[in-house]
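Next up, run28.cif (mmCIF, C-alpha atoms):
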data_target
#
loop_
_atom_site.label_atom_id
_atom_site.label_comp_id
_atom_site.auth_asym_id
_atom_site.auth_seq_id
_atom_site.Cartn_x
_atom_site.Cartn_y
_atom_site.Cartn_z
CA MET A 1 -53.44 -27.93 30.19
CA ASN A 2 -51.16 -25.61 32.18
CA ASN A 3 -51.02 -21.83 31.96
CA ASN A 4 -47.88 -21.85 29.84
CA GLU A 5 -49.60 -23.94 27.18
CA LYS A 6 -52.54 -21.52 27.08
CA GLU A 7 -50.19 -18.62 26.37
CA MET A 8 -48.25 -20.33 23.59
CA VAL A 9 -49.05 -19.66 19.95
CA ILE A 10 -46.68 -21.54 17.65
CA LEU A 11 -45.72 -20.82 14.04
CA GLN A 12 -43.68 -23.53 12.27
CA VAL A 13 -41.82 -22.33 9.17
CA LEU A 14 -40.38 -24.57 6.43
CA PRO A 15 -39.74 -24.37 2.66
CA GLU A 16 -42.61 -26.58 1.43
CA LEU A 17 -44.96 -29.38 2.40
CA ASN A 18 -44.12 -32.18 0.01
CA GLN A 19 -42.92 -35.61 1.19
CA GLY A 20 -39.94 -35.70 3.55
CA GLY A 21 -38.79 -36.00 7.14
CA VAL A 22 -38.90 -32.25 7.84
CA GLU A 23 -42.44 -32.03 6.47
CA LEU A 24 -43.62 -35.11 8.36
CA GLY A 25 -42.20 -33.81 11.64
CA THR A 26 -43.99 -30.50 11.10
CA ILE A 27 -47.32 -32.24 10.54
CA GLU A 28 -46.83 -34.48 13.58
CA ILE A 29 -46.11 -31.52 15.87
CA ALA A 30 -49.04 -29.52 14.46
CA SER A 31 -51.33 -32.48 15.10
CA GLU A 32 -50.19 -32.88 18.70
CA LEU A 33 -50.47 -29.15 19.41
CA GLN A 34 -53.98 -29.16 17.99
CA LYS A 35 -54.89 -32.20 20.09
CA ARG A 36 -53.73 -30.35 23.22
CA GLY A 37 -55.70 -27.25 22.29
CA ILE A 38 -52.57 -25.16 21.67
CA GLU A 39 -53.03 -22.58 18.94
CA ASN A 40 -50.59 -23.22 16.10
CA TYR A 41 -49.94 -22.34 12.46
CA VAL A 42 -47.63 -23.43 9.64
CA ALA A 43 -46.07 -21.32 6.86
CA SER A 44 -44.53 -22.80 3.71
CA ALA A 45 -44.70 -22.67 -0.08
CA GLY A 46 -47.34 -25.41 0.11
CA GLY A 47 -47.42 -28.93 -1.30
CA ARG A 48 -49.42 -32.11 -1.14
CA MET A 49 -49.09 -32.47 2.65
CA ALA A 50 -50.84 -29.14 3.22
CA TYR A 51 -54.05 -31.16 2.95
CA ASN A 52 -53.13 -32.88 6.26
CA LEU A 53 -53.14 -29.49 7.97
CA GLU A 54 -56.48 -28.62 6.42
CA ARG A 55 -57.97 -31.84 7.77
CA MET A 56 -56.64 -31.01 11.25
CA LYS A 57 -58.00 -27.45 10.96
CA VAL A 58 -54.51 -25.97 11.35
CA LYS A 59 -54.19 -22.79 9.30
CA HIS A 60 -51.48 -22.83 6.65
CA PHE A 61 -49.97 -19.65 5.18
CA THR A 62 -48.73 -20.11 1.61
CA LEU A 63 -45.62 -17.98 1.10
CA PRO A 64 -42.68 -18.34 -1.34
CA LEU A 65 -40.46 -19.74 1.43
CA LYS A 66 -38.38 -22.00 -0.85
CA THR A 67 -36.56 -18.98 -2.28
CA LYS A 68 -32.90 -18.27 -1.50
CA ASN A 69 -32.94 -14.85 -3.15
CA ILE A 70 -31.81 -12.35 -0.51
CA PHE A 71 -34.37 -9.71 -1.54
CA LYS A 72 -37.21 -12.23 -1.48
CA LEU A 73 -35.99 -13.56 1.88
CA TYR A 74 -36.28 -10.06 3.28
CA LEU A 75 -39.72 -9.59 1.73
CA ASN A 76 -40.81 -12.89 3.29
CA SER A 77 -39.68 -11.60 6.67
CA TRP A 78 -42.20 -8.76 6.40
CA ARG A 79 -44.93 -11.17 5.38
CA LEU A 80 -44.12 -13.31 8.42
CA SER A 81 -44.05 -10.22 10.66
CA LYS A 82 -47.60 -9.43 9.61
CA ILE A 83 -48.70 -12.99 10.46
CA ILE A 84 -46.92 -12.88 13.84
CA LYS A 85 -48.70 -9.65 14.81
CA GLU A 86 -52.11 -10.56 13.41
CA TYR A 87 -52.28 -14.03 14.96
CA GLY A 88 -50.44 -13.32 18.23
CA ILE A 89 -47.58 -15.74 17.56
CA THR A 90 -45.29 -16.16 20.59
CA ILE A 91 -42.80 -18.72 19.23
CA VAL A 92 -41.47 -19.02 15.67
CA HIS A 93 -39.97 -22.45 14.96
CA ALA A 94 -37.84 -22.61 11.79
CA ARG A 95 -36.96 -25.98 10.25
CA SER A 96 -34.76 -25.09 7.25
CA ARG A 97 -32.10 -22.53 6.37
CA ALA A 98 -33.65 -20.20 3.77
CA PRO A 99 -36.97 -19.69 5.57
CA ALA A 100 -35.08 -19.52 8.87
CA TRP A 101 -33.46 -16.23 7.80
CA SER A 102 -36.87 -14.71 7.07
CA ALA A 103 -38.32 -16.16 10.28
CA TYR A 104 -35.41 -14.87 12.37
CA TRP A 105 -35.70 -11.31 11.07
CA ALA A 106 -39.47 -11.39 11.57
CA ALA A 107 -39.24 -12.77 15.11
CA LYS A 108 -36.63 -10.16 16.09
CA ARG A 109 -38.70 -7.37 14.57
CA CYS A 110 -41.78 -8.49 16.50
CA GLY A 111 -40.00 -9.32 19.75
CA VAL A 112 -41.09 -12.99 19.92
CA HIS A 113 -39.16 -16.19 20.58
CA PHE A 114 -37.21 -17.84 17.76
CA MET A 115 -36.02 -21.46 17.73
CA THR A 116 -34.81 -23.96 15.13
CA THR A 117 -34.55 -27.67 14.41
CA PHE A 118 -31.22 -28.73 12.90
CA HIS A 119 -32.25 -31.59 10.60
CA GLY A 120 -29.01 -32.40 8.79
CA THR A 121 -25.28 -31.89 8.33
CA TYR A 122 -25.55 -29.07 5.83
CA GLY A 123 -22.61 -28.87 3.42
CA LEU A 124 -20.00 -26.31 4.41
CA GLY A 125 -18.82 -25.66 0.84
CA PRO A 126 -15.23 -24.95 -0.25
CA TRP A 127 -13.23 -23.22 2.52
CA GLY A 128 -16.36 -23.30 4.67
CA ILE A 129 -18.02 -20.47 2.75
CA LYS A 130 -21.52 -21.84 3.39
CA LYS A 131 -21.05 -21.63 7.14
CA ILE A 132 -22.42 -18.10 7.22
CA TYR A 133 -25.61 -19.18 5.44
CA ASN A 134 -25.97 -22.36 7.52
CA LYS A 135 -25.32 -20.65 10.83
CA ILE A 136 -28.84 -19.22 10.95
CA MET A 137 -29.90 -22.65 12.24
CA THR A 138 -27.84 -21.99 15.39
CA TYR A 139 -29.42 -18.57 16.04
CA GLY A 140 -32.40 -20.04 17.86
CA GLU A 141 -32.81 -19.38 21.57
CA ARG A 142 -33.15 -23.17 21.57
CA VAL A 143 -31.75 -25.45 18.86
CA ILE A 144 -33.23 -28.92 18.52
CA ALA A 145 -30.75 -31.55 17.27
CA ILE A 146 -32.37 -34.70 15.88
CA SER A 147 -29.52 -36.97 17.08
CA SER A 148 -26.28 -37.00 19.07
CA HIS A 149 -24.48 -37.04 15.73
CA ILE A 150 -26.14 -33.75 14.74
CA LYS A 151 -25.54 -32.24 18.20
CA GLU A 152 -21.82 -32.98 17.91
CA HIS A 153 -21.79 -31.57 14.37
CA ILE A 154 -23.38 -28.30 15.54
CA ILE A 155 -20.92 -27.83 18.41
CA LYS A 156 -17.86 -28.81 16.36
CA ASN A 157 -18.61 -26.76 13.23
CA TYR A 158 -20.45 -23.73 14.61
CA GLY A 159 -19.19 -23.43 18.19
CA THR A 160 -22.78 -23.36 19.46
CA ASP A 161 -23.29 -23.26 23.21
CA GLU A 162 -24.26 -26.78 24.25
CA GLN A 163 -26.56 -25.32 26.93
CA LYS A 164 -29.10 -24.17 24.36
CA ILE A 165 -29.18 -27.42 22.33
CA ARG A 166 -32.01 -29.86 23.04
CA GLN A 167 -31.77 -33.36 21.59
CA VAL A 168 -35.08 -34.68 20.24
CA ALA A 169 -34.88 -37.84 18.14
CA ARG A 170 -37.08 -38.33 15.10
CA CYS A 171 -39.72 -40.97 15.38
CA VAL A 172 -41.84 -43.75 13.96
CA ASN A 173 -45.59 -43.39 13.70
CA LEU A 174 -46.59 -46.71 15.26
CA GLU A 175 -50.11 -46.37 13.90
CA ASN A 176 -48.64 -46.88 10.42
CA PHE A 177 -45.64 -49.07 11.23
CA ASP A 178 -47.51 -51.82 13.05
CA ILE A 179 -47.00 -55.52 12.39
CA GLU A 180 -50.55 -56.40 13.40
CA ASN A 181 -52.11 -53.77 11.14
CA THR A 182 -50.12 -54.72 8.03
CA SER A 183 -52.44 -57.18 6.31
CA ALA A 184 -51.53 -60.11 4.10
CA GLU A 185 -53.60 -58.49 1.35
CA ARG A 186 -51.35 -55.43 1.33
CA MET A 187 -48.24 -57.58 1.11
CA ILE A 188 -49.65 -59.78 -1.66
CA LYS A 189 -50.66 -56.67 -3.63
CA LEU A 190 -47.12 -55.29 -3.39
CA LEU A 191 -45.56 -58.60 -4.45
CA GLU A 192 -47.89 -59.01 -7.44
CA GLU A 193 -47.74 -55.39 -8.66
CA ASN A 194 -43.93 -55.50 -8.79
CA ASN A 195 -43.39 -59.13 -9.85
CA ILE A 196 -41.35 -59.81 -6.71
CA PRO A 197 -40.40 -63.48 -6.20
CA GLU A 198 -42.20 -65.00 -3.22
CA ASP A 199 -39.87 -67.95 -2.73
CA LYS A 200 -36.68 -66.00 -1.90
CA PRO A 201 -35.55 -64.17 1.27
CA LEU A 202 -35.86 -60.48 0.36
CA ILE A 203 -33.11 -57.96 1.14
CA THR A 204 -34.51 -54.44 0.84
CA LEU A 205 -32.83 -51.05 0.54
CA ILE A 206 -35.22 -48.10 0.57
CA GLY A 207 -33.83 -44.69 -0.39
CA ARG A 208 -33.43 -42.43 -3.38
CA LEU A 209 -30.87 -43.64 -5.91
CA THR A 210 -27.83 -41.56 -5.07
CA ASN A 211 -24.25 -42.61 -4.40
CA TRP A 212 -24.14 -41.74 -0.69
CA LYS A 213 -27.06 -44.08 0.06
CA GLY A 214 -24.71 -47.00 -0.71
CA GLN A 215 -26.45 -48.91 -3.50
CA LYS A 216 -23.10 -49.64 -5.20
CA LEU A 217 -21.65 -50.90 -1.93
CA LEU A 218 -24.62 -53.24 -1.51
CA ILE A 219 -24.30 -54.64 -5.04
CA GLU A 220 -20.59 -55.28 -4.41
CA ALA A 221 -21.34 -56.99 -1.09
CA LEU A 222 -24.08 -59.19 -2.54
CA ALA A 223 -21.74 -60.32 -5.33
CA LYS A 224 -19.51 -61.74 -2.60
CA ILE A 225 -22.33 -63.95 -1.27
CA LYS A 226 -24.03 -64.79 -4.58
CA ASP A 227 -24.21 -68.49 -3.63
CA GLU A 228 -26.61 -67.56 -0.81
CA ASP A 229 -30.36 -67.66 -1.49
CA PHE A 230 -31.79 -64.10 -1.68
CA HIS A 231 -33.45 -61.48 -3.88
CA CYS A 232 -32.69 -57.76 -3.53
CA LEU A 233 -35.22 -54.92 -3.77
CA LEU A 234 -33.84 -51.47 -4.56
CA ILE A 235 -36.70 -49.09 -3.81
CA GLY A 236 -36.20 -45.44 -4.71
CA ASP A 237 -36.36 -42.85 -7.46
CA ASP A 238 -33.20 -41.71 -9.24
CA GLN A 239 -34.69 -38.17 -9.28
CA GLY A 240 -33.15 -37.55 -12.69
CA ARG A 241 -29.81 -39.22 -11.88
CA VAL A 242 -30.16 -41.45 -14.93
CA LYS A 243 -26.41 -41.97 -15.21
CA TYR A 244 -26.20 -43.30 -11.65
CA SER A 245 -29.12 -45.71 -12.02
CA GLU A 246 -27.61 -46.98 -15.28
CA GLU A 247 -24.28 -47.56 -13.48
CA LEU A 248 -26.09 -49.69 -10.90
CA ARG A 249 -27.66 -51.84 -13.61
CA GLN A 250 -24.30 -52.23 -15.34
CA MET A 251 -22.70 -53.37 -12.06
CA ILE A 252 -25.44 -55.94 -11.57
CA GLU A 253 -24.96 -57.25 -15.12
CA LYS A 254 -21.19 -57.38 -14.64
CA TYR A 255 -21.71 -59.70 -11.66
CA ASN A 256 -24.21 -61.74 -13.71
CA MET A 257 -26.92 -61.16 -11.10
CA LYS A 258 -29.64 -59.44 -13.13
CA ASP A 259 -32.29 -61.94 -12.03
CA ARG A 260 -31.46 -61.31 -8.35
CA TYR A 261 -32.61 -57.66 -8.30
CA THR A 262 -35.87 -55.75 -8.64
CA PHE A 263 -35.82 -51.95 -9.05
CA ILE A 264 -38.96 -50.21 -7.78
CA ARG A 265 -39.19 -46.49 -8.33
CA HIS A 266 -41.76 -45.74 -5.63
CA VAL A 267 -43.68 -47.68 -2.98
CA SER A 268 -46.55 -45.95 -1.20
CA ASP A 269 -46.95 -48.78 1.34
CA VAL A 270 -43.54 -48.83 3.07
CA PRO A 271 -44.74 -50.95 6.05
CA ALA A 272 -45.84 -53.68 3.62
CA ALA A 273 -42.48 -53.46 1.79
CA MET A 274 -40.72 -54.00 5.10
CA MET A 275 -42.99 -56.85 6.17
CA ILE A 276 -42.24 -58.88 3.04
CA SER A 277 -38.50 -58.38 3.68
CA GLU A 278 -36.16 -60.64 5.57
CA VAL A 279 -33.57 -57.86 5.94
CA VAL A 280 -34.04 -54.06 5.86
CA LEU A 281 -30.91 -52.09 4.99
CA SER A 282 -29.39 -48.70 5.67
CA THR A 283 -26.09 -48.77 3.75
CA SER A 284 -25.22 -45.05 3.65
CA ILE A 285 -21.54 -44.33 3.08
CA GLU A 286 -21.97 -40.85 4.59
CA PRO A 287 -23.55 -40.36 8.03
CA GLU A 288 -27.34 -40.22 8.17
CA ALA A 289 -28.47 -37.30 10.32
CA PHE A 290 -30.82 -39.74 12.02
CA GLY A 291 -31.88 -42.56 9.68
CA ARG A 292 -35.62 -43.09 9.78
CA ILE A 293 -35.50 -46.35 7.76
CA ALA A 294 -33.51 -48.08 10.52
CA ILE A 295 -36.16 -47.40 13.15
CA GLU A 296 -39.07 -48.08 10.81
CA GLY A 297 -37.52 -51.49 10.03
CA GLN A 298 -37.14 -52.19 13.74
CA ALA A 299 -40.73 -51.14 14.40
CA MET A 300 -41.82 -53.80 11.90
CA GLY A 301 -39.71 -56.43 13.69
CA ARG A 302 -37.37 -56.87 10.72
CA ILE A 303 -33.65 -57.65 10.86
CA VAL A 304 -31.99 -54.26 10.25
CA VAL A 305 -28.42 -54.08 8.89
CA ALA A 306 -26.96 -50.57 8.99
CA SER A 307 -23.70 -48.61 8.59
CA ASP A 308 -21.87 -47.92 11.85
CA ILE A 309 -21.92 -44.14 11.32
CA GLY A 310 -24.27 -41.26 12.02
CA GLY A 311 -27.70 -41.75 13.51
CA SER A 312 -27.76 -45.53 13.01
CA LYS A 313 -25.27 -45.94 15.88
CA GLU A 314 -27.92 -44.42 18.14
CA THR A 315 -30.87 -46.48 16.95
CA VAL A 316 -29.55 -49.97 16.18
CA ILE A 317 -28.20 -52.00 19.11
CA ASP A 318 -25.55 -54.17 17.46
CA GLY A 319 -26.36 -57.86 17.71
CA VAL A 320 -29.50 -57.16 19.78
CA THR A 321 -31.95 -55.24 17.57
CA GLY A 322 -30.00 -55.59 14.31
CA LYS A 323 -26.46 -55.50 12.97
CA LEU A 324 -23.99 -52.67 12.36
CA PHE A 325 -21.29 -53.06 9.72
CA LYS A 326 -18.16 -51.05 9.02
CA SER A 327 -19.21 -48.14 6.81
CA GLY A 328 -18.03 -48.39 3.21
CA ASP A 329 -16.66 -51.91 3.71
CA ALA A 330 -18.25 -54.35 1.25
CA ASP A 331 -16.62 -57.36 2.93
CA ASP A 332 -18.02 -56.43 6.34
CA LEU A 333 -21.46 -55.74 4.82
CA ALA A 334 -21.35 -59.16 3.13
CA GLN A 335 -20.59 -60.80 6.49
CA ALA A 336 -23.41 -58.85 8.19
CA LEU A 337 -25.83 -60.02 5.48
CA LEU A 338 -24.73 -63.62 5.91
CA TRP A 339 -25.31 -63.27 9.65
CA ALA A 340 -28.82 -61.91 9.05
CA LEU A 341 -29.78 -64.49 6.41
CA ARG A 342 -28.53 -67.45 8.46
CA LEU A 343 -30.32 -66.61 11.71
CA SER A 344 -32.63 -69.32 12.98
CA SER A 345 -36.37 -68.62 13.24
CA GLU A 346 -36.02 -68.36 17.03
CA GLU A 347 -33.13 -65.87 16.73
CA LYS A 348 -35.06 -63.75 14.23
CA GLN A 349 -38.06 -63.70 16.52
CA LYS A 350 -35.93 -62.67 19.51
CA ILE A 351 -34.18 -59.86 17.58
CA GLY A 352 -37.47 -58.69 16.07
CA ALA A 353 -39.10 -58.46 19.51
CA ALA A 354 -36.09 -56.55 20.91
CA ALA A 355 -36.23 -54.17 17.92
CA VAL A 356 -39.93 -53.38 18.43
CA LYS A 357 -39.30 -52.83 22.16
CA ASN A 358 -36.39 -50.47 21.35
CA VAL A 359 -38.61 -48.31 19.14
CA LYS A 360 -41.54 -48.23 21.59
CA GLU A 361 -39.27 -47.15 24.43
CA HIS A 362 -37.25 -44.48 22.58
CA PHE A 363 -38.57 -43.47 19.15
CA THR A 364 -42.33 -43.02 19.18
CA LYS A 365 -44.21 -40.04 17.80
CA GLN A 366 -45.50 -39.29 21.29
CA ILE A 367 -42.00 -39.09 22.76
CA MET A 368 -40.89 -36.76 19.94
CA CYS A 369 -43.95 -34.53 20.36
CA ASP A 370 -43.67 -34.41 24.17
CA LYS A 371 -40.00 -33.40 24.02
CA THR A 372 -40.57 -30.74 21.34
CA ILE A 373 -43.52 -29.20 23.18
CA ALA A 374 -41.41 -29.20 26.37
CA VAL A 375 -38.96 -26.92 24.49
CA TYR A 376 -41.86 -24.59 23.57
CA GLU A 377 -42.92 -24.52 27.23
CA GLU A 378 -39.36 -23.80 28.32
CA LEU A 379 -39.20 -20.77 26.02
CA SER A 380 -42.65 -19.58 27.12
CA ARG A 381 -41.51 -19.47 30.73
CA GLU A 382 -38.79 -17.01 29.74
CA ASN A 383 -41.26 -14.25 28.79
#

Same coordinates, now as structure tokens:
Amino acid sequence: MNNNEKEMVILQVLPELNQGGVELGTIEIASELQKRGIENYVASAGGRMAYNLERMKVKHFTLPLKTKNIFKLYLNSWRLSKIIKEYGITIVHARSRAPAWSAYWAAKRCGVHFMTTFHGTYGLGPWGIKKIYNKIMTYGERVIAISSHIKEHIIKNYGTDEQKIRQVARCVNLENFDIENTSAERMIKLLEENNIPEDKPLITLIGRLTNWKGQKLLIEALAKIKDEDFHCLLIGDDQGRVKYSEELRQMIEKYNMKDRYTFIRHVSDVPAAMMISEVVLSTSIEPEAFGRIAIEGQAMGRIVVASDIGGSKETVIDGVTGKLFKSGDADDLAQALLWALRLSSEEKQKIGAAAVKNVKEHFTKQIMCDKTIAVYEELSREN
């Protein structure tokens, strides 16, 4: 451990600690900091993942950080100021817009470093009116962008100085997404619990049921290749979008393909869901900020078919570790699916091996943690 690490005391700030990429990244960084003996804390409104912090013995401060009320944001800034002073925080790392305002005011008040991670392409609203609210994510002395796509978005829309942006890709936890560790028992359990046919090549799309994730596009594409042998798994909750999920079912019935689909609201064992699949999909019709499913699928040695927009362009090597198709184009998606389904066993094995290698070389948890902590160290040297 070097002297800079000894001096650092990190506070990560986010809205809550329920399931999601922001939350997972926070936990992964907290774990690595703890492993290195670097004092660190997390502040959020709480949630089921707070238990992970408790197990790691990382202190969590429960504050109403989900609020967007301006008066409550300001009150939260005073609460955070108290924590900064009491626990000797040197770097405040904000991961979402609303709590970032509170964190920024608190950090300025206490004279400590403030940085952010820009996790998505936040909507700009009509006439760009949300830009003022969103821009807090560019106020960091360092701004982490989770992909080149996000970096370009920040520069284009907010005029942020490229010199202070650090690109740190999101990652796969290879302890969880490991072919060798995903047992046959886990796969059989998943198949039986959900009545999934075992004699068909499975095409799997994992993601909440919402239009931009491309479920309609997939249904349209599969209708074009209905003579091919396959079964499609649509895994994801509609989160109250009952009308949308009903539209999907109506589309499937219209194409007379009801017996070719299985809807699964939630799967706790995602690695097993990928292992039973022939093809793992990322069909978003709007750019993914990064696209974790595409690298998780590659980590499991599956054939990944993804839209040629957003983060997927940075994670899937077309024709080598998977296949990119023209975003929003059902015909091109249909052709990509035919390509994937008709690969020989040898070709699948070769692509799967290249996909695993790609993830291990570029998208591991260790790489993400090392790069993020390097940003902390960089700021610490500027004291």

> Could you work out how far CA of Met49 (chain A) lies from CA of Pro271 (chain A), giving the answer in Å with one decimal?
Replying inline: 19.3 Å

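For the pair CA of Val267 (chain A) and CA of Glu175 (chain A), the interatomic distance is 18.1 Å.
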
>> Just the number, please: distance in Å from CA of Thr364 (chain A) to CA of Met274 (chain A), one decimal.
In response: 17.9 Å

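Among the candidate residues A:Gln167, A:Thr67, A:Asn176, A:Asn181, the one lying nearest to Glu16 (chain A) is A:Thr67, with distances computed using all atoms listed in the file.
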
> What residues come out when you apply the PyMOL selection byres ((chain A and resi 289-305) around 8) to this file, written as a PyMOL selection string?
Replying inline: chain A and resi 119-121+146-147+149-150+169-172+174+177-179+206+271+274-275+277-283+287-288+306-307+310-312+315-316+321-325+336-337+340+348-349+351-353+355-356+358-360+363

Output, as lines of an AutoDock Vina configuration file, the centre and edge lengths in Å (one decimal) of the axis-aligned box that contains all listed atoms of region 186-200 of chain A with 8 Å of margin on each side.
center_x = -44.0
center_y = -61.6
center_z = -4.3
size_x = 30.7
size_y = 28.7
size_z = 27.2

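With all atoms listed in the file taken into account, the protein and nucleic acid residues at most 7 Å from Arg208 (chain A) (excluding it and anything under 2 positions from it in its own chain) are Thr210, Gly236, Asp237 and Asp238 of chain A.
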
Store the residues picked out above in a file with C-alpha atoms, as a PDB file, keeping the file's coordinate frame.
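Result file is out.pdb:
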ATOM      1  CA  THR A 210     -27.830 -41.560  -5.070  1.00  0.00           C
ATOM      2  CA  GLY A 236     -36.200 -45.440  -4.710  1.00  0.00           C
ATOM      3  CA  ASP A 237     -36.360 -42.850  -7.460  1.00  0.00           C
ATOM      4  CA  ASP A 238     -33.200 -41.710  -9.240  1.00  0.00           C
TER       5      ASP A 238
END

> For Phe118 (chain A), which of A:Phe263, A:Tyr244, A:Tyr158, A:Trp212 is the closest residue, counting only C-alpha atoms?
Replying inline: A:Tyr158

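Ranking A:Lys213, A:Thr262, A:Gly37, A:Thr138 by their shortest atom-to-atom distance to Asn195 (chain A), with only C-alpha atoms included, puts A:Thr262 first.
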
> Please, which residues are within 8 Å of (-34.2, -16.0, 13.7) by the file's coordinates, counting all atoms listed in the file, and could they come as a PyMOL selection string?
Replying inline: chain A and resi 94+100-108+114-115+136+139-140

> Which residues, written as JSON, numbers by chain, have at least one atom at most 8 Å from Leu233 (chain A), with all atoms listed in the file counted and residues fewer than 4 positions away on the same chain left out?
Replying inline: {"A": [202, 203, 204, 205, 261, 262, 263, 264]}

>> Could you list, as a ChimeraX atom specification, every residue within 12 Å of Lys258 (chain A), counting only C-alpha atoms and ignoring same-chain residues fewer than 6 positions away?
In response: /A:219,222-223,226,231-233,248-252

> Which residue out of A:Thr62, A:Met56, A:Leu218, A:Gln12 has the minimum interatomic distance to Val42 (chain A) when all atoms listed in the file are used?
Replying inline: A:Gln12

Residues near Ala50 (chain A), anyone? I mean within 10 Å using all atoms listed in the file, not counting same-chain ones fewer than 2 positions away, as a compact mmCIF listing (two decimals) with C-alpha atoms, in the frame of the given file.
# COMPACT_ATOMS: atom_id res chain seq x y z
CA GLU A 16 -42.61 -26.58 1.43
CA LEU A 17 -44.96 -29.38 2.40
CA ASN A 18 -44.12 -32.18 0.01
CA GLU A 23 -42.44 -32.03 6.47
CA ILE A 27 -47.32 -32.24 10.54
CA VAL A 42 -47.63 -23.43 9.64
CA ALA A 43 -46.07 -21.32 6.86
CA SER A 44 -44.53 -22.80 3.71
CA ALA A 45 -44.70 -22.67 -0.08
CA GLY A 46 -47.34 -25.41 0.11
CA GLY A 47 -47.42 -28.93 -1.30
CA ARG A 48 -49.42 -32.11 -1.14
CA ASN A 52 -53.13 -32.88 6.26
CA LEU A 53 -53.14 -29.49 7.97
CA GLU A 54 -56.48 -28.62 6.42
CA ARG A 55 -57.97 -31.84 7.77
CA VAL A 58 -54.51 -25.97 11.35
CA LYS A 59 -54.19 -22.79 9.30
CA HIS A 60 -51.48 -22.83 6.65
CA PHE A 61 -49.97 -19.65 5.18
CA THR A 62 -48.73 -20.11 1.61

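Using all atoms listed in the file, the smallest distance between any of A:Ile155, A:Asp329, A:Asn173, A:Lys200 and Cys369 (chain A) comes from A:Asn173.
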